[in-house]
$ cat start-v6.cif   # mmCIF, C-alpha atoms and all ligand atoms
data_start
loop_
_atom_site.label_atom_id
_atom_site.label_comp_id
_atom_site.auth_asym_id
_atom_site.auth_seq_id
_atom_site.Cartn_x
_atom_site.Cartn_y
_atom_site.Cartn_z
CA MET A 131 112.97 99.99 54.82
CA THR A 132 112.27 97.26 57.37
CA ASP A 133 108.74 95.97 57.96
CA ALA A 134 108.80 97.20 61.56
CA PHE A 135 109.53 100.72 60.34
CA LYS A 136 106.66 100.60 57.84
CA VAL A 137 104.24 99.58 60.57
CA LYS A 138 105.36 102.50 62.72
CA ILE A 139 104.67 105.00 59.93
CA LYS A 140 101.22 103.55 59.25
CA ASP A 141 100.49 103.64 62.97
CA ARG A 142 101.45 107.28 63.36
CA SER A 143 99.13 108.29 60.54
CA LEU A 144 96.34 106.27 62.20
CA LEU A 145 96.67 108.29 65.41
CA GLU A 146 96.52 111.52 63.42
CA ARG A 147 93.47 110.62 61.33
CA PHE A 148 91.44 108.55 63.82
CA PRO A 149 87.97 110.09 64.38
CA PHE A 150 88.02 110.43 68.17
CA PRO A 151 84.35 110.43 69.17
CA PHE A 152 84.32 112.42 72.43
CA GLN A 153 83.79 116.19 72.59
CA GLY A 154 83.77 116.33 76.38
CA ASP A 155 84.34 114.28 79.54
CA SER A 156 80.88 112.71 79.58
CA TYR A 157 78.98 110.70 76.99
CA ARG A 158 75.23 110.21 76.72
CA TYR A 159 73.08 109.29 73.75
CA SER A 160 71.94 112.39 71.87
CA ASN A 161 71.21 113.41 68.32
CA ASN A 162 74.84 114.22 67.67
CA SER A 163 74.31 114.58 63.91
CA ARG A 164 75.93 117.59 62.23
CA ALA A 165 75.98 118.87 58.67
CA LEU A 166 78.47 116.91 56.54
CA VAL A 167 81.08 119.27 55.07
CA PRO A 168 82.26 118.59 52.41
CA PRO A 169 79.20 116.54 51.36
CA VAL A 170 81.18 113.40 50.53
CA CYS A 171 80.24 109.83 51.47
CA ILE A 172 83.38 107.81 50.74
CA ASP A 173 86.74 108.00 52.53
CA VAL A 174 89.73 106.15 51.14
CA THR A 175 92.28 105.36 53.87
CA PRO A 176 95.60 103.44 53.82
CA GLU A 177 93.61 100.33 54.86
CA TYR A 178 91.62 100.46 51.58
CA ARG A 179 92.99 97.37 49.88
CA GLU A 180 93.04 95.18 52.97
CA GLU A 181 89.47 96.13 53.96
CA VAL A 182 87.93 95.92 50.48
CA LEU A 183 89.45 92.47 50.00
CA GLU A 184 88.17 91.42 53.44
CA LYS A 185 84.68 92.66 52.52
CA ARG A 186 84.79 90.63 49.31
CA ARG A 187 85.93 87.52 51.19
CA LEU A 188 83.02 87.89 53.64
CA LEU A 189 80.54 88.54 50.82
CA GLU A 190 81.60 85.34 49.09
CA GLN A 191 81.71 83.24 52.25
CA TYR A 192 78.60 84.57 54.00
CA PRO A 193 76.29 85.97 51.28
CA GLU A 194 73.18 85.50 53.43
CA ARG A 195 74.24 87.92 56.10
CA THR A 196 76.41 90.41 54.18
CA PHE A 197 74.03 91.51 51.42
CA ARG A 198 70.25 91.69 51.60
CA SER A 199 67.68 93.54 49.53
CA PHE A 200 64.04 93.62 48.57
CA PRO A 201 63.32 93.72 44.81
CA HIS A 202 61.50 97.07 45.12
CA THR A 203 64.82 98.73 46.07
CA LEU A 204 66.47 98.21 42.69
CA ALA A 205 65.86 101.76 41.37
CA ALA A 206 67.24 103.26 44.60
CA GLN A 207 70.23 100.92 44.44
CA TRP A 208 71.02 102.22 40.96
CA GLU A 209 70.70 105.78 42.20
CA ILE A 210 73.14 105.06 45.04
CA ALA A 211 75.63 103.27 42.77
CA GLY A 212 75.51 106.14 40.27
CA MET A 213 75.86 108.77 42.97
CA LEU A 214 78.89 107.05 44.51
CA MET A 215 80.64 106.38 41.19
CA HIS A 216 80.31 110.07 40.29
CA GLU A 217 81.54 111.11 43.71
CA MET A 218 84.48 108.70 43.79
CA SER A 219 85.71 109.68 40.32
CA HIS A 220 85.47 113.40 41.20
CA VAL A 221 86.95 113.26 44.69
CA TYR A 222 89.61 110.61 43.98
CA PRO A 223 90.42 110.92 40.24
CA ARG A 224 93.75 109.15 40.82
CA TYR A 225 91.96 106.06 42.13
CA PHE A 226 88.64 105.90 40.24
CA ARG A 227 87.41 106.88 36.80
CA LEU A 228 83.91 106.99 35.32
CA GLU A 229 83.28 107.30 31.59
CA LYS A 230 79.80 107.58 30.14
CA GLU A 231 78.69 107.12 26.55
CA GLY A 232 74.94 107.44 26.89
CA ARG A 233 73.83 104.60 29.11
CA LEU A 234 77.03 102.65 28.53
CA TRP A 235 79.18 103.36 31.60
CA THR A 236 82.77 102.28 32.31
CA PHE A 237 83.89 102.34 35.94
CA GLN A 238 87.57 101.90 36.60
CA ASN A 239 89.07 101.16 40.02
CA LYS A 240 92.79 101.76 39.74
CA LEU A 241 93.48 100.74 43.34
CA ILE A 242 92.59 97.13 42.66
CA HIS A 243 93.06 97.23 38.87
CA GLU A 244 89.48 96.51 37.79
CA GLU A 245 87.34 97.87 34.98
CA HIS A 246 83.60 97.27 34.61
CA LYS A 247 81.42 98.16 31.63
CA PHE A 248 77.65 98.08 32.03
CA ILE A 249 74.41 99.66 30.88
CA PHE A 250 73.23 102.01 33.61
CA GLY A 251 69.84 100.83 34.89
CA GLU A 252 70.10 97.30 33.47
CA SER A 253 70.92 94.97 36.31
CA SER A 254 71.71 92.00 34.06
CA THR A 255 74.83 93.89 32.89
CA LEU A 256 76.36 94.04 36.39
CA PRO A 257 77.84 91.02 38.20
CA TYR A 258 75.91 91.89 41.39
CA GLU A 259 72.96 94.04 42.43
CA PRO A 260 74.00 97.72 42.17
CA LEU A 261 74.37 98.32 45.94
CA ASP A 262 76.35 95.11 46.33
CA PHE A 263 78.47 96.06 43.31
CA ILE A 264 79.47 99.53 44.49
CA GLY A 265 79.90 98.29 48.07
CA ARG A 266 82.70 96.04 46.77
CA HIS A 267 84.69 99.16 45.84
CA VAL A 268 84.43 101.06 49.14
CA GLN A 269 85.45 100.46 52.74
CA GLU A 270 82.04 101.62 54.00
CA ASP A 271 79.06 99.46 54.81
CA LEU A 272 76.01 100.78 52.95
CA ILE A 273 72.43 100.62 54.21
CA TYR A 274 69.38 101.81 52.30
CA LEU A 275 66.29 102.96 54.19
CA GLN A 276 63.12 103.42 52.20
CA GLN A 277 60.65 106.07 53.32
CA ARG A 278 56.95 105.24 53.11
CA ASP A 279 53.83 105.75 55.25
CA GLY A 280 55.72 108.30 57.36
CA ASP A 281 58.36 105.77 58.40
CA LEU A 282 61.81 104.44 57.43
CA TYR A 283 62.36 100.77 56.59
CA MET A 284 65.69 98.95 56.34
CA ASP A 285 65.03 97.52 52.89
CA ALA A 286 68.53 96.84 51.52
CA GLY A 287 72.11 96.79 52.70
CA GLN A 288 75.62 95.55 52.33
CA LEU A 289 77.00 94.95 55.81
CA CYS A 290 80.38 93.28 56.36
CA PHE A 291 81.66 95.01 59.50
CA PRO A 292 78.72 95.19 61.93
CA ALA A 293 79.17 96.17 65.57
CA ASN A 294 77.17 93.18 66.77
CA TRP A 295 73.94 93.62 64.82
CA SER A 296 72.44 91.59 62.04
CA LEU A 297 71.22 92.81 58.66
CA ALA A 298 69.52 89.47 58.02
CA PHE A 299 67.55 89.94 61.25
CA ASP A 300 66.80 93.66 60.80
CA LEU A 301 65.81 93.60 57.12
CA GLY A 302 62.33 95.05 56.63
CA MET A 303 62.17 96.57 60.12
CA THR A 304 61.26 100.17 60.82
CA TYR A 305 63.71 102.64 62.36
CA LEU A 306 62.16 102.26 65.83
CA GLN A 307 62.04 98.46 65.56
CA PHE A 308 65.71 97.97 64.66
CA HIS A 309 66.79 100.41 67.39
CA SER A 310 64.70 98.67 70.04
CA PRO A 311 67.70 96.77 71.59
CA VAL A 312 69.43 100.09 72.38
CA PRO A 313 68.85 100.98 76.05
CA ILE A 314 67.52 104.43 76.96
CA TYR A 315 67.45 105.50 73.28
CA SER A 316 63.93 104.18 72.65
CA GLU A 317 62.41 104.60 76.14
CA SER A 318 63.54 108.22 76.45
CA GLY A 319 61.74 109.26 73.26
CA LEU A 320 65.05 110.22 71.62
CA ALA A 321 64.69 107.58 68.89
CA GLN A 322 61.28 109.01 67.97
CA LYS A 323 62.73 112.55 67.79
CA VAL A 324 65.64 111.41 65.62
CA LEU A 325 63.18 109.62 63.33
CA GLY A 326 61.32 112.92 62.84
CA PHE A 327 64.62 114.60 61.99
CA LEU A 328 65.49 111.88 59.44
CA LEU A 329 62.07 112.00 57.78
CA ARG A 330 62.60 115.72 57.17
CA MET A 331 66.12 115.35 55.72
CA GLU A 332 66.55 117.03 52.35
CA ALA A 333 68.50 115.98 49.27
CA GLY A 334 71.80 117.86 48.96
CA LYS A 335 72.08 118.40 52.72
CA PRO A 336 73.77 115.31 54.14
CA TRP A 337 74.50 114.71 57.83
CA THR A 338 77.15 112.86 59.77
CA ARG A 339 77.63 111.48 63.26
CA LEU A 340 80.14 109.34 65.14
CA ASN A 341 79.18 106.28 67.11
CA TRP A 342 81.62 104.29 69.25
CA THR A 343 82.09 101.03 71.07
CA ILE A 344 84.92 98.77 72.23
CA ASN A 345 86.50 96.02 70.13
CA VAL A 346 88.60 93.17 71.44
CA GLY A 347 91.11 92.17 68.74
CA ASP A 348 91.40 93.67 65.28
CA ARG A 349 88.53 91.98 63.46
CA LEU A 350 86.06 94.39 61.93
CA ASP A 351 83.45 91.69 61.38
CA THR A 352 81.85 91.38 64.80
CA SER A 353 78.54 90.00 63.60
CA PRO A 354 76.26 88.22 66.06
CA GLU A 355 76.30 85.21 63.71
CA GLU A 356 80.04 84.84 64.47
CA PHE A 357 79.79 85.63 68.19
CA GLY A 358 81.10 82.16 69.01
CA ASP A 359 84.41 83.16 67.39
CA TRP A 360 85.00 86.65 68.77
CA GLY A 361 82.76 86.92 71.85
CA LYS A 362 85.03 84.92 74.12
CA ASN A 363 88.13 87.06 73.55
CA LYS A 364 87.19 89.45 76.32
CA TYR A 365 87.71 86.70 78.87
CA LEU A 366 91.40 86.49 77.87
CA LEU A 367 92.16 90.10 78.74
CA HIS A 368 94.53 91.14 81.53
CA LEU A 369 96.53 94.24 82.37
CA GLY A 370 99.47 92.93 80.34
CA ASN A 371 97.62 92.64 77.01
CA VAL A 372 94.73 95.10 77.23
CA GLY A 373 96.68 97.94 75.54
CA GLN A 374 97.42 95.75 72.53
CA GLU A 375 94.16 93.84 72.30
CA VAL A 376 91.48 96.41 73.07
CA ARG A 377 90.57 98.99 70.46
CA LEU A 378 88.35 102.02 70.55
CA ARG A 379 85.97 101.41 67.65
CA THR A 380 84.52 104.50 65.97
CA GLU A 381 81.89 104.41 63.28
CA ASP A 382 81.86 107.44 60.99
CA GLN A 383 78.23 107.39 59.87
CA ARG A 384 76.87 109.54 57.04
CA LEU A 385 73.30 110.14 55.92
CA PHE A 386 72.17 111.18 52.43
CA ARG A 387 68.62 111.80 51.26
CA LEU A 388 68.32 110.41 47.73
CA SER A 389 66.96 112.89 45.19
CA GLY A 390 65.32 110.42 42.80
CA ASN A 391 63.92 107.81 45.22
CA ASN A 392 62.17 108.36 48.50
CA GLY A 393 64.80 107.08 50.88
CA ILE A 394 68.09 107.55 52.71
CA LEU A 395 71.56 106.13 52.23
CA PHE A 396 73.30 105.41 55.56
CA SER A 397 77.02 104.69 55.31
CA ILE A 398 79.27 103.37 58.07
CA HIS A 399 83.06 103.62 57.96
CA THR A 400 84.59 101.74 60.87
CA HIS A 401 87.94 102.70 62.40
CA LEU A 402 89.87 100.87 65.13
CA LEU A 403 92.49 102.43 67.42
CA PRO A 404 94.44 100.20 69.84
CA LEU A 405 94.48 101.56 73.39
CA GLU A 406 98.28 101.50 73.44
CA MET A 407 98.21 104.06 70.63
CA LEU A 408 95.35 106.06 72.04
CA VAL A 409 97.31 106.70 75.26
CA GLN A 410 100.05 108.35 73.20
CA ASN A 411 97.63 111.27 73.04
CA GLN A 412 97.29 112.40 76.67
CA VAL A 413 94.22 114.58 76.04
CA TRP A 414 92.39 111.63 74.51
CA ALA A 415 93.53 109.23 77.24
CA GLU A 416 92.28 111.51 80.01
CA ARG A 417 89.02 112.24 78.26
CA PHE A 418 88.37 108.58 77.50
CA TYR A 419 89.09 107.69 81.13
CA LYS A 420 86.55 110.28 82.34
CA VAL A 421 83.94 109.19 79.79
CA LEU A 422 84.22 105.56 80.86
CA GLU A 423 84.17 106.38 84.56
CA ASP A 424 80.99 108.39 84.09
CA LEU A 425 79.22 106.05 81.62
CA PRO A 426 75.86 104.63 82.81
CA ASP A 427 76.00 100.84 83.31
CA PRO A 428 73.23 100.05 80.77
CA LEU A 429 75.40 101.61 78.03
CA ALA A 430 78.54 99.68 79.05
CA GLU A 431 76.43 96.53 79.22
CA TYR A 432 74.88 97.11 75.79
CA LYS A 433 78.27 97.88 74.27
CA GLY A 434 79.55 94.60 75.72
CA PHE A 435 82.42 95.74 77.94
CA ILE A 436 80.90 96.06 81.41
CA SER A 437 82.81 92.96 82.60
CA PHE A 438 86.21 94.46 81.73
CA LYS A 439 85.48 98.14 82.27
CA PRO A 440 87.55 98.11 85.53
CA LEU A 441 90.49 96.77 83.54
CA LEU A 442 90.14 99.54 80.94
CA LEU A 443 90.05 102.17 83.68
CA GLU A 444 93.09 100.69 85.39
CA TYR A 445 95.06 100.64 82.15
CA LEU A 446 94.12 104.22 81.25
CA GLN A 447 94.84 105.42 84.79
CA ASP A 448 98.32 103.91 84.61
CA HIS A 449 98.97 105.77 81.38
CA ILE A 450 97.73 109.15 82.48
CA GLY A 451 99.53 108.89 85.80
CA ALA A 452 96.25 109.53 87.57
CA ARG A 453 96.21 106.53 89.91
CA LYS A 454 94.22 107.62 92.92
C1 LIG A 501 69.17 106.23 59.62
C2 LIG A 501 70.10 105.34 59.62
C3 LIG A 501 70.43 104.50 60.82
C4 LIG A 501 70.50 103.16 60.84
C5 LIG A 501 70.28 102.23 59.67
C6 LIG A 501 70.85 102.78 62.18
C7 LIG A 501 71.01 101.47 62.60
C8 LIG A 501 71.39 101.08 63.87
C9 LIG A 501 71.56 99.72 64.29
C10 LIG A 501 71.27 98.49 63.43
C11 LIG A 501 71.96 99.74 65.57
C12 LIG A 501 72.26 98.50 66.43
C13 LIG A 501 71.01 98.07 67.16
C14 LIG A 501 71.18 96.69 67.79
O1 LIG A 501 71.84 96.58 68.83
O2 LIG A 501 70.65 95.72 67.21
C15 LIG A 501 72.08 101.10 65.96
C16 LIG A 501 72.51 101.54 67.18
C17 LIG A 501 72.38 102.86 67.57
N1 LIG A 501 71.88 103.91 66.83
FE1 LIG A 501 71.36 103.90 64.93
N2 LIG A 501 70.97 103.88 62.96
C18 LIG A 501 70.72 104.97 62.16
C19 LIG A 501 70.77 106.29 62.53
C20 LIG A 501 70.94 106.72 63.81
C21 LIG A 501 70.95 108.09 64.21
C22 LIG A 501 70.78 109.30 63.29
C23 LIG A 501 71.13 108.11 65.53
C24 LIG A 501 71.17 109.36 66.34
C25 LIG A 501 71.12 109.45 67.62
C26 LIG A 501 71.26 106.71 65.98
C27 LIG A 501 71.49 106.28 67.26
C28 LIG A 501 71.89 105.02 67.62
C29 LIG A 501 72.43 104.68 68.92
C30 LIG A 501 72.60 105.62 70.10
C31 LIG A 501 72.75 103.33 68.89
C32 LIG A 501 73.44 102.51 69.99
C33 LIG A 501 74.92 102.44 69.61
C34 LIG A 501 75.87 102.03 70.72
O3 LIG A 501 75.67 102.40 71.88
O4 LIG A 501 76.89 101.38 70.40
N3 LIG A 501 71.14 105.90 64.90
N4 LIG A 501 71.71 101.91 64.90
#
$ encode --input "start-v6.cif" --output "structure tokens" --more "lines below"
Ligand code: HEM
Amino acid sequence: MTDAFKVKIKDRSLLERFPFPFQGDSYRYSNNSRALVPPVCIDVTPEYREEVLEKRRLLEQYPERTFRSFPHTLAAQWEIAGMLMHEMSHVYPRYFRLEKEGRLWTFQNKLIHEEHKFIFGESSTLPYEPLDFIGRHVQEDLIYLQQRDGDLYMDAGQLCFPANWSLAFDLGMTYLQFHSPVPIYSESGLAQKVLGFLLRMEAGKPWTRLNWTINVGDRLDTSPEEFGDWGKNKYLLHLGNVGQEVRLRTEDQRLFRLSGNNGILFSIHTHLLPLEMLVQNQVWAERFYKVLEDLPDPLAEYKGFISFKPLLLEYLQDHIGARK
């Protein structure tokens, strides 16, 4: 099989499994959370190896911005690590295995041929803090929010693939504080309402929502700290390369209330779909065109593509044969 053929097969599966974020022809911020069925946090996709290795590279190279935690989160981190190891070994027994002899646990990752033995609850027996450890075995970014005084605080996280926000900057902030850069969301009172909904979340009843933005190029790490590297790429776009270079970026976000600690696990699985593939699905191409045409400027500005929105519309129009 030639390499070109392999790429085609991978690409076709990407179009089939990509979480397209639009339900209709218009998009506004809303509490678009829905019950997560089945109640599973981790998704293993064909990009697993590539993305987990990229996460590990970023964690080694930029430890300050990719993993942060306060010491008081350690018990919750253990709860999250335990919960995910159980889930992964049950949902993907071919890829992961968990054996327990009392507090001596053995976690095996067959996808990257690793085995770790440790005493559950004793951090000195793991090579990293528990959230950092388990995050190195999943494609998702993992954020822990602690609930106290009727509020949610971003108190720990492993974040390798941010859509232009900084864990180092947001650490310790409340839900309303770290959402304050989002236009309309805070001023409209929606953020406050969503906070109320999150504070009432119950263990065993997880939620999920999709968020989206636009990515130029295929790098998942679009952190503000690296803006100098990726931010300028949008100025190189033209009609001839926009289909290849621009990707619809969807974040599959999942929310779990922990049962043993007062807090929430927020996971983010990021998917990228090049526009040239997206337009192979005519329903998606037309819907995306209408969503963009109708999108309020403050949202396009916040998401960073207002300067090339006309180019996106022109490209999509060409591919849906809707040139007016
Ligand atoms: C509870 C876990 C959550 C965390 C940790 C979280 C975190 C964040 C962060 C860090 C940002 C980027 C802000 C910036 O520009 O600096 C963001 C954006 C946003 N969040 Fe959340 N969020 C959470 C849940 C939610 C939920 C449940 C909603 C439901 C409406 C929501 C709505 C939004 C919206 C609308 C944006 C703007 C995204 C965009 O337009 O690209 N968030 N969130």
$ residues_near_ligand --input "start-v6.cif" --ligand "ligand LIG 501 (chain A)" --cutoff "7 Å" --atoms "all atoms listed in the file" --output "list of chain:residue names"
A:Tyr159, A:Ser160, A:Asn161, A:Asn162, A:Ser163, A:Ile273, A:Leu275, A:Met284, A:Asn294, A:Trp295, A:Ser296, A:Tyr305, A:Phe308, A:His309, A:Ser310, A:Pro311, A:Val312, A:Tyr315, A:Ala321, A:Val324, A:Leu328, A:Asn341, A:Trp342, A:Thr343, A:Leu385, A:Phe396, A:Leu429, A:Tyr432, A:Lys433
$ residues_around --input "start-v6.cif" --residues "Phe418 in chain A" --least-positions-apart "6" --cutoff "12 Å" --atoms "all atoms listed in the file" --output "list of chain:residue names"
A:Phe150, A:Pro151, A:Phe152, A:Gln153, A:Gly154, A:Asp155, A:Ser156, A:Tyr157, A:Trp342, A:Thr343, A:Ile344, A:Leu378, A:Leu405, A:Leu408, A:Val409, A:Asn411, A:Gln412, A:Asp424, A:Leu425, A:Lys439, A:Leu442, A:Leu443, A:Tyr445, A:Leu446, A:Gln447, A:His449, A:Ile450
$ residues_around --input "start-v6.cif" --residues "range 265-271 of chain A" --least-positions-apart "6" --cutoff "9 Å" --atoms "only C-alpha atoms" --output "VMD selection string"
chain A and resid 171 to 175 177 to 179 181 to 183 185 to 186 189 211 239 242 287 to 292 396 to 400
$ closest_residue --input "start-v6.cif" --among "A:Pro168, A:Pro260, A:Gly434, A:Pro193" --to "Thr352 in chain A" --atoms "all atoms listed in the file"
A:Gly434
$ closest_residue --input "start-v6.cif" --among "A:Glu356, A:Glu245, A:Glu332, A:Asp285" --to "Arg227 in chain A" --atoms "only C-alpha atoms"
A:Glu245
$ closest_residue --input "start-v6.cif" --among "A:Pro176, A:Arg164, A:Arg142, A:His220" --to "Asp382 in chain A" --atoms "all atoms listed in the file"
A:Arg164
$ atom_distance --input "start-v6.cif" --atom1 "CA of Leu188 in chain A" --atom2 "CA of Tyr225 in chain A"
23.3 Å
$ closest_residue --input "start-v6.cif" --among "A:Gly302, A:Gly326, A:Pro404, A:Pro354" --to "Ser199 in chain A" --atoms "all atoms listed in the file"
A:Gly302
$ axis_aligned_box --input "start-v6.cif" --around "range 402-411 of chain A" --padding-each-side "8 Å" --output "lines of an AutoDock Vina configuration file"
center_x = 95.0
center_y = 105.7
center_z = 70.2
size_x = 26.2
size_y = 27.1
size_z = 26.1
$ atom_distance --input "start-v6.cif" --atom1 "CA of Ser318 in chain A" --atom2 "CA of Gly393 in chain A"
25.6 Å
$ residues_around --input "start-v6.cif" --residues "His202 in chain A" --least-positions-apart "3" --cutoff "10 Å" --atoms "all atoms listed in the file" --output "PyMOL selection string"
chain A and resi 199+205-207+276+285-286
$ write_last_selection --input "start-v6.cif" --atoms "C-alpha atoms" --output "compact mmCIF listing (two decimals), in the frame of the given file"
# COMPACT_ATOMS: atom_id res chain seq x y z
CA SER A 199 67.68 93.54 49.53
CA ALA A 205 65.86 101.76 41.37
CA ALA A 206 67.24 103.26 44.60
CA GLN A 207 70.23 100.92 44.44
CA GLN A 276 63.12 103.42 52.20
CA ASP A 285 65.03 97.52 52.89
CA ALA A 286 68.53 96.84 51.52
$ atom_distance --input "start-v6.cif" --atom1 "CA of Met407 in chain A" --atom2 "CA of Leu272 in chain A"
28.6 Å
$ closest_residue --input "start-v6.cif" --among "A:Ile394, A:Leu241, A:Leu340, A:Val413" --to "Arg278 in chain A" --atoms "only C-alpha atoms"
A:Ile394
$ closest_residue --input "start-v6.cif" --among "A:Tyr365, A:Ala165, A:Thr203, A:Gln191" --to "Thr338 in chain A" --atoms "all atoms listed in the file"
A:Ala165
$ residues_around --input "start-v6.cif" --residues "Met213 in chain A" --least-positions-apart "2" --cutoff "12 Å" --atoms "only C-alpha atoms" --output "PDB file with C-alpha atoms, keeping the file's coordinate frame"
ATOM      1  CA  PRO A 169      79.200 116.540  51.360  1.00  0.00           C
ATOM      2  CA  VAL A 170      81.180 113.400  50.530  1.00  0.00           C
ATOM      3  CA  CYS A 171      80.240 109.830  51.470  1.00  0.00           C
ATOM      4  CA  ILE A 172      83.380 107.810  50.740  1.00  0.00           C
ATOM      5  CA  ALA A 206      67.240 103.260  44.600  1.00  0.00           C
ATOM      6  CA  GLN A 207      70.230 100.920  44.440  1.00  0.00           C
ATOM      7  CA  TRP A 208      71.020 102.220  40.960  1.00  0.00           C
ATOM      8  CA  GLU A 209      70.700 105.780  42.200  1.00  0.00           C
ATOM      9  CA  ILE A 210      73.140 105.060  45.040  1.00  0.00           C
ATOM     10  CA  ALA A 211      75.630 103.270  42.770  1.00  0.00           C
ATOM     11  CA  MET A 215      80.640 106.380  41.190  1.00  0.00           C
ATOM     12  CA  HIS A 216      80.310 110.070  40.290  1.00  0.00           C
ATOM     13  CA  GLU A 217      81.540 111.110  43.710  1.00  0.00           C
ATOM     14  CA  MET A 218      84.480 108.700  43.790  1.00  0.00           C
ATOM     15  CA  SER A 219      85.710 109.680  40.320  1.00  0.00           C
ATOM     16  CA  HIS A 220      85.470 113.400  41.200  1.00  0.00           C
ATOM     17  CA  LEU A 228      83.910 106.990  35.320  1.00  0.00           C
ATOM     18  CA  PHE A 250      73.230 102.010  33.610  1.00  0.00           C
ATOM     19  CA  PRO A 260      74.000  97.720  42.170  1.00  0.00           C
ATOM     20  CA  LEU A 261      74.370  98.320  45.940  1.00  0.00           C
ATOM     21  CA  ILE A 264      79.470  99.530  44.490  1.00  0.00           C
ATOM     22  CA  GLY A 334      71.800 117.860  48.960  1.00  0.00           C
ATOM     23  CA  PHE A 386      72.170 111.180  52.430  1.00  0.00           C
ATOM     24  CA  ARG A 387      68.620 111.800  51.260  1.00  0.00           C
ATOM     25  CA  LEU A 388      68.320 110.410  47.730  1.00  0.00           C
ATOM     26  CA  SER A 389      66.960 112.890  45.190  1.00  0.00           C
ATOM     27  CA  GLY A 390      65.320 110.420  42.800  1.00  0.00           C
ATOM     28  CA  LEU A 395      71.560 106.130  52.230  1.00  0.00           C
TER      29      LEU A 395
END
$ residues_near_point --input "start-v6.cif" --point "(71.8, 91.4, 57.6)" --cutoff "7 Å" --atoms "all atoms listed in the file" --output "list in words"
Arg195, Thr196, Phe197, Arg198, Leu289, Ser296, Leu297, Ala298, Phe299, Asp300 and Leu301 of chain A
